[in-house]
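A short write-up of the structure that comes next.
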Amino acid sequence: MTFAVSRALGAAFALLVVSVLTFSLTSLAPGDPAEELLRRGGIQPTQASVAALRAELGLDRPAAVQYLGWLHGVLRGDFGRSYADGTPVAAQILSRVPATLRLAGAGFLIAVALAVPMAVRAQIRPHTALGRITRALTSAIAAVPPYVVGILLVSVLAVELRILPTGGDATADGVILPGLTLGVATAAPLMRLLRSELAAVDGSPFMALARAKGLTVRRAIVLHALPAAAPGAISAAGVALIELVGGAVVVETLFNWPGVGQLAVTAVRQRDIPMVQGYVLFAAMATLLVLVLADVCVALVDPRLRDKSR
Amino acid sequence: MTRPTAGLTAGGALLTVVVLGCFALPLVSPHDPYRPDPVNALLPPGPGHWLGTDQLGRDLLTRTAAAGRTSLLFALAVTAATTVIGTVTGAVAGLAGGWPDRILRQTSTMALALPGLTLALAVSGVLPPGYTTLFIALVPLGWVSCASVVRTVVRRTAMTDYVLASRTMGASIPQLLRYDIAPHVLGPACTVAAGDFARSLTAATSLSFLGIGLPPPHVDWGGMISEATPLLLASPRLVVVPAIAIALAGLSVMLVTDGLRDPASGP
């Protein structure tokens with residue numbers, strides 16, 4: 001319990017620093033946000049109107065005061081309003097979350113379903129032709145950006161073979177290709193991590209004992225090495241989930257998937273700073289949540305770590 | 001140095017081919033990678049144009065090579081910056097310990113909270129598009145992994161007996177760094193740099209693919225793919241060729257990295 005609390009406190013501190021970074025993005029932007037807003041509203045900015053809007057937005061106050069005001073809003077769930085259409089940022093992001101979760105969920109399931117059996121198999125029979133091919137293929141896929149994997153999948157499955165739709169809508173069939181893209185792109189690094197975990201466990205004395213008492217390699221690995229590798233596997237899965245959320249940005253844009261990532265890319269293209277800030281904070285929150293949950297899960301399955309915590 | 005493995009040899013050969021192709025081809029090719037030539041648009045692969053031409057009549061092979069030059073040089077610049085910053089901060093934190101070390105460790109925890117393209121998206125959302133913005137977007141988080149690795153190695157090395165011996169003989173800090181510590185840092189730093197290179201390549205081309213990387217007329221592999229995606233159904237060649245180029249570059253760097261890190265592994 002103390003472990004979970006200390007991790008949560010660490011994450012909260014990290015989030016605070018991220019919020020300062022995020023807030024200072026505004027000051028990085030060239031030009032005056034008030035002037036920019038007026039221009040987007042179709043009004044020719046004059047000295048008086050800019051000054052009035054600056055006062056209204058609180059831009060004439062010191063940066064620290066502005067930050068505290070902004071943070072106060074964020075803590076109440078008010079991330080500000082979009083420059084592009086004036087809608088609340090938080091509501092827009094939340095409305096996109098289900099689509100992203102569906103995509104990330106599909107990708108995660110596919111990644112785990114591919115990576116775990118492949119890693120176990122590669123550890124049981126590392127020197128067969130199949131093992132070598134699997135390893136070469138995972139190295140290749142791990143080396144390639146997700147959108148390239150997606151494009152190659154689309155051109156084979158949808159363009160050449162015409163067995164799947166190219167995606168673009170949130171129908172049941174539509175999730176297959178983007179989910180597969182994300183899943184395959186994540187499975188490769190996940191499999192590499194799992195395999196090195198398994199290899200590390202495989203060298204321990206209890207594995208030698210398992211073999212000595214007459215278990216086959218396969219049974220020894222499935223029954224003894226796999227549970228022992230579970231803590232590492234959970235951390236790896238946490239990292240994979242985070243990578244998924246990052247990769248989703250690109251895959252959502254590629255398949256025109258109406259998720260948070262697509263929203264963020266559109267916001268970046270339109271220089272919609274409040275929306276970009278909202279996205280960064282949101283992504284940091286989601287990431288830290290996954291990290292803390294993964295740490296807690298690891299501590300739950302591995303009692304050795306709980307005592308060594310901090 | 002042990003004998004290079006098959007993976008390292010294959011990766012090195014592939015990397016050489018990719019690099020040579022990207023830098024030499026645009027020089028010897030009779031075609032201009034940037035100038036449109038609408039009369040010859042969308043030609044199929046043939047004698048004049050080995051891989052055909054794109055929607056504006058530019059030779060696909062030359063353009064892919066020129067885009068590759070941009071991608072590779074940019075990734076190299078980012079990697080150089082992250083490696084230098086990472087090595088210096090890592091060495092300082094590792095040698096000094098105390099609060100510089102704590103700050104570095106806090107920073108690397110913080111870096112976990114902004115995974116992948118998040119920070120890059122944030123930076124490209126506020127600064128005008130261009131090389132500088134892309135550079136600022138990719139360097140800040142890249143150096144952290146290098147710094148952490150260097151810090152660990154420096155710290156471990158600084159505790160060894162021979163470093164103690166050198167110090168007893170009156171070696172100054174620069175002498176210690178130069179003769180006793182640097183040789184140990186070199187290997188891990190190179191491995192991290194190779195990983196950084198692959199990551200920067202992926203990240204920069206991803207941003208260009210999203211249309212928030214380099215503004216036209218600059219083009220890298222991601223930009224080429226992004227231009228050609230609407231034509232995927234009509235002429236998949238325009239998308240597949242740069243996609244394979246990225247795949248080959250990424251794969252060769254990965255093979256070299258794996259071969260350097262662990263001579264026993266590799267396919």
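By convention in this document, the chains of the structure tokens carry letters A, B, ... by their order, each chain's residues are numbered from 1, and ligands are numbered from 1 in the order they are shown.
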
Report the closest atom pair, with its distance in Å rounded to one decimal, for each residue of chain A that has an atom no farther than 6 Å from chain B; count only C-alpha atoms, sort by chain and then rising residue number, and write it as a Markdown table.
| residue | atom | partner | partner_atom | distance |
| --- | --- | --- | --- | --- |
| A:Ala14 | CA | B:Met110 | CA | 5.4 |
| A:Ala29 | CA | B:Val126 | CA | 4.8 |
| A:Arg132 | CA | B:Pro267 | CA | 5.5 |
| A:Arg135 | CA | B:Pro267 | CA | 6.0 |
| A:Ala136 | CA | B:Pro267 | CA | 5.4 |
| A:Ala140 | CA | B:Leu251 | CA | 5.3 |
| A:Ala143 | CA | B:Gly250 | CA | 4.8 |
| A:Val144 | CA | B:Ala247 | CA | 5.0 |
| A:Pro145 | CA | B:Thr202 | CA | 5.5 |
| A:Val148 | CA | B:Ala243 | CA | 5.6 |
| A:Gly246 | CA | B:Gly116 | CA | 5.4 |
| A:Val268 | CA | B:Gly125 | CA | 4.1 |
| A:Arg271 | CA | B:Gly125 | CA | 5.2 |
| A:Ala284 | CA | B:Ala113 | CA | 5.0 |
| A:Thr287 | CA | B:Ala113 | CA | 5.8 |
| A:Leu288 | CA | B:Ala113 | CA | 5.8 |

Could the residues in this selection be written to a file with all heavy atoms, as an mmCIF file, in the first residue's frame?
data_model
loop_
_atom_site.group_PDB
_atom_site.id
_atom_site.type_symbol
_atom_site.label_atom_id
_atom_site.label_comp_id
_atom_site.auth_asym_id
_atom_site.auth_seq_id
_atom_site.Cartn_x
_atom_site.Cartn_y
_atom_site.Cartn_z
ATOM 1 N N ALA A 14 5.736 14.391 -11.129
ATOM 2 C CA ALA A 14 6.091 14.428 -12.548
ATOM 3 C C ALA A 14 5.041 15.199 -13.337
ATOM 4 O O ALA A 14 5.364 16.015 -14.207
ATOM 5 C CB ALA A 14 6.232 13.006 -13.090
ATOM 6 N N ALA A 29 5.413 30.276 -28.254
ATOM 7 C CA ALA A 29 4.784 30.567 -29.532
ATOM 8 C C ALA A 29 5.084 31.998 -29.960
ATOM 9 O O ALA A 29 5.001 32.916 -29.149
ATOM 10 C CB ALA A 29 3.279 30.374 -29.410
ATOM 11 N N ARG A 132 14.784 -18.553 -36.335
ATOM 12 C CA ARG A 132 15.610 -17.521 -36.962
ATOM 13 C C ARG A 132 14.773 -16.565 -37.784
ATOM 14 O O ARG A 132 14.942 -15.350 -37.732
ATOM 15 C CB ARG A 132 16.656 -18.166 -37.882
ATOM 16 C CG ARG A 132 17.842 -18.707 -37.141
ATOM 17 C CD ARG A 132 18.648 -19.617 -38.045
ATOM 18 N NE ARG A 132 19.490 -20.490 -37.257
ATOM 19 C CZ ARG A 132 20.686 -20.123 -36.792
ATOM 20 N NH1 ARG A 132 21.150 -18.930 -37.067
ATOM 21 N NH2 ARG A 132 21.389 -20.944 -36.056
ATOM 22 N N ARG A 135 12.802 -14.297 -35.577
ATOM 23 C CA ARG A 135 13.629 -13.240 -34.991
ATOM 24 C C ARG A 135 13.986 -12.174 -36.015
ATOM 25 O O ARG A 135 13.929 -10.984 -35.733
ATOM 26 C CB ARG A 135 14.893 -13.840 -34.382
ATOM 27 C CG ARG A 135 14.791 -13.892 -32.867
ATOM 28 C CD ARG A 135 16.034 -14.469 -32.273
ATOM 29 N NE ARG A 135 16.243 -15.821 -32.764
ATOM 30 C CZ ARG A 135 17.427 -16.419 -32.775
ATOM 31 N NH1 ARG A 135 18.482 -15.785 -32.348
ATOM 32 N NH2 ARG A 135 17.536 -17.651 -33.204
ATOM 33 N N ALA A 136 14.341 -12.627 -37.239
ATOM 34 C CA ALA A 136 14.690 -11.662 -38.280
ATOM 35 C C ALA A 136 13.493 -10.772 -38.584
ATOM 36 O O ALA A 136 13.622 -9.543 -38.697
ATOM 37 C CB ALA A 136 15.136 -12.399 -39.539
ATOM 38 N N ALA A 140 13.036 -6.782 -38.062
ATOM 39 C CA ALA A 140 12.682 -5.924 -39.189
ATOM 40 C C ALA A 140 11.499 -5.043 -38.819
ATOM 41 O O ALA A 140 11.528 -3.832 -39.038
ATOM 42 C CB ALA A 140 12.356 -6.766 -40.407
ATOM 43 N N ALA A 143 12.160 -2.329 -36.379
ATOM 44 C CA ALA A 143 13.001 -1.251 -36.895
ATOM 45 C C ALA A 143 12.224 -0.274 -37.756
ATOM 46 O O ALA A 143 12.730 0.762 -38.145
ATOM 47 C CB ALA A 143 14.154 -1.838 -37.702
ATOM 48 N N VAL A 144 10.974 -0.598 -38.061
ATOM 49 C CA VAL A 144 10.222 0.183 -39.033
ATOM 50 C C VAL A 144 9.144 0.989 -38.321
ATOM 51 O O VAL A 144 8.480 0.471 -37.433
ATOM 52 C CB VAL A 144 9.585 -0.787 -40.060
ATOM 53 C CG1 VAL A 144 8.662 -0.072 -40.982
ATOM 54 C CG2 VAL A 144 10.665 -1.507 -40.827
ATOM 55 N N PRO A 145 8.967 2.276 -38.680
ATOM 56 C CA PRO A 145 7.931 3.078 -38.021
ATOM 57 C C PRO A 145 6.545 2.484 -38.248
ATOM 58 O O PRO A 145 6.294 1.911 -39.314
ATOM 59 C CB PRO A 145 8.039 4.433 -38.712
ATOM 60 C CG PRO A 145 9.333 4.441 -39.420
ATOM 61 C CD PRO A 145 9.715 3.033 -39.675
ATOM 62 N N VAL A 148 4.653 2.973 -41.548
ATOM 63 C CA VAL A 148 5.150 2.211 -42.696
ATOM 64 C C VAL A 148 4.565 0.800 -42.658
ATOM 65 O O VAL A 148 4.111 0.274 -43.683
ATOM 66 C CB VAL A 148 6.687 2.184 -42.698
ATOM 67 C CG1 VAL A 148 7.199 1.285 -43.809
ATOM 68 C CG2 VAL A 148 7.227 3.584 -42.870
ATOM 69 N N GLY A 246 1.216 6.362 -28.051
ATOM 70 C CA GLY A 246 2.026 7.226 -28.909
ATOM 71 C C GLY A 246 1.852 6.870 -30.372
ATOM 72 O O GLY A 246 1.640 7.735 -31.216
ATOM 73 N N VAL A 268 -2.269 20.566 -33.919
ATOM 74 C CA VAL A 268 -0.923 21.031 -34.225
ATOM 75 C C VAL A 268 -0.914 21.742 -35.573
ATOM 76 O O VAL A 268 -0.324 22.811 -35.729
ATOM 77 C CB VAL A 268 0.075 19.846 -34.228
ATOM 78 C CG1 VAL A 268 1.395 20.272 -34.804
ATOM 79 C CG2 VAL A 268 0.259 19.321 -32.823
ATOM 80 N N ARG A 271 -2.317 25.125 -35.221
ATOM 81 C CA ARG A 271 -1.669 25.890 -34.153
ATOM 82 C C ARG A 271 -2.678 26.253 -33.060
ATOM 83 O O ARG A 271 -2.711 27.380 -32.583
ATOM 84 C CB ARG A 271 -1.004 27.166 -34.661
ATOM 85 C CG ARG A 271 -0.537 27.099 -36.058
ATOM 86 C CD ARG A 271 0.815 27.733 -36.225
ATOM 87 N NE ARG A 271 1.702 26.748 -36.801
ATOM 88 C CZ ARG A 271 2.767 26.264 -36.218
ATOM 89 N NH1 ARG A 271 3.106 26.673 -35.033
ATOM 90 N NH2 ARG A 271 3.503 25.366 -36.799
ATOM 91 N N ALA A 284 0.254 12.790 -20.801
ATOM 92 C CA ALA A 284 1.128 12.569 -19.651
ATOM 93 C C ALA A 284 0.358 11.877 -18.526
ATOM 94 O O ALA A 284 0.864 10.958 -17.882
ATOM 95 C CB ALA A 284 1.700 13.897 -19.166
ATOM 96 N N THR A 287 -0.186 8.234 -19.486
ATOM 97 C CA THR A 287 1.072 7.491 -19.408
ATOM 98 C C THR A 287 1.440 7.178 -17.971
ATOM 99 O O THR A 287 1.783 6.045 -17.629
ATOM 100 C CB THR A 287 2.196 8.331 -20.025
ATOM 101 O OG1 THR A 287 1.796 8.733 -21.315
ATOM 102 C CG2 THR A 287 3.470 7.548 -20.104
ATOM 103 N N LEU A 288 1.365 8.223 -17.102
ATOM 104 C CA LEU A 288 1.749 8.015 -15.705
ATOM 105 C C LEU A 288 0.811 7.026 -15.033
ATOM 106 O O LEU A 288 1.242 6.205 -14.225
ATOM 107 C CB LEU A 288 1.755 9.357 -14.967
ATOM 108 C CG LEU A 288 2.911 10.254 -15.394
ATOM 109 C CD1 LEU A 288 2.720 11.665 -14.878
ATOM 110 C CD2 LEU A 288 4.220 9.687 -14.870
#

*asked:* Give me, as an MDAnalysis selection string, all polymer residues having an atom no more than 12 Å from stretch 193-202 of chain A, counting only C-alpha atoms and skipping those fewer than 3 positions away in the same chain.
replied: (chainID A and resid 111:112 114:126 131 134:135 138:139 142 186:190 205:211 217:218 220:240) or (chainID B and resid 262 265)

_Atomic separation - atom CA of B:Tyr131 relative to atom CA of B:Leu214, Å_ =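 That distance, rounded to one decimal, is 6.4 Å.
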
*Mind listing the alpha helix (DSSP H) residues of stretch 91-273 of chain A, per DSSP on the backbone, as a PyMOL selection string?*
chain A and resi 91-124+129-142+146-153+176-202+205-212+217-220+226-228+230-254+260-269+273

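The two atoms in question, atom CA of A:Leu38 and atom CA of B:Pro216, are spaced 28.2 Å apart.
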
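If you look at atom CA of B:Ala75 and atom CA of B:His184, they are 25.3 Å away from each other.
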
*Considering only C-alpha atoms, return as a list in words whatever protein or nucleic-acid residues lie within 9 Å of B:Trp50, sequence-local ones (same chain, fewer than 5 positions apart) excluded.*
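So, after excluding close chain neighbours, the residues are Pro44, Pro45, Asp59, Leu60 and Leu61 of chain B.
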
_For stretch 70-86 of chain A: contacts at 7 Å, only C-alpha atoms, fewer than 4 positions along chain excluded, given as a list in words_ = Leu37, Gln66, Ala90, Asp272, Pro274, Met275 and Gly278 of chain A

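The nearest approach to A:Val249 among the residues A:Ala264, A:Val184, A:Leu300, A:Ala129, with only C-alpha atoms taken into account, belongs to A:Ala264.
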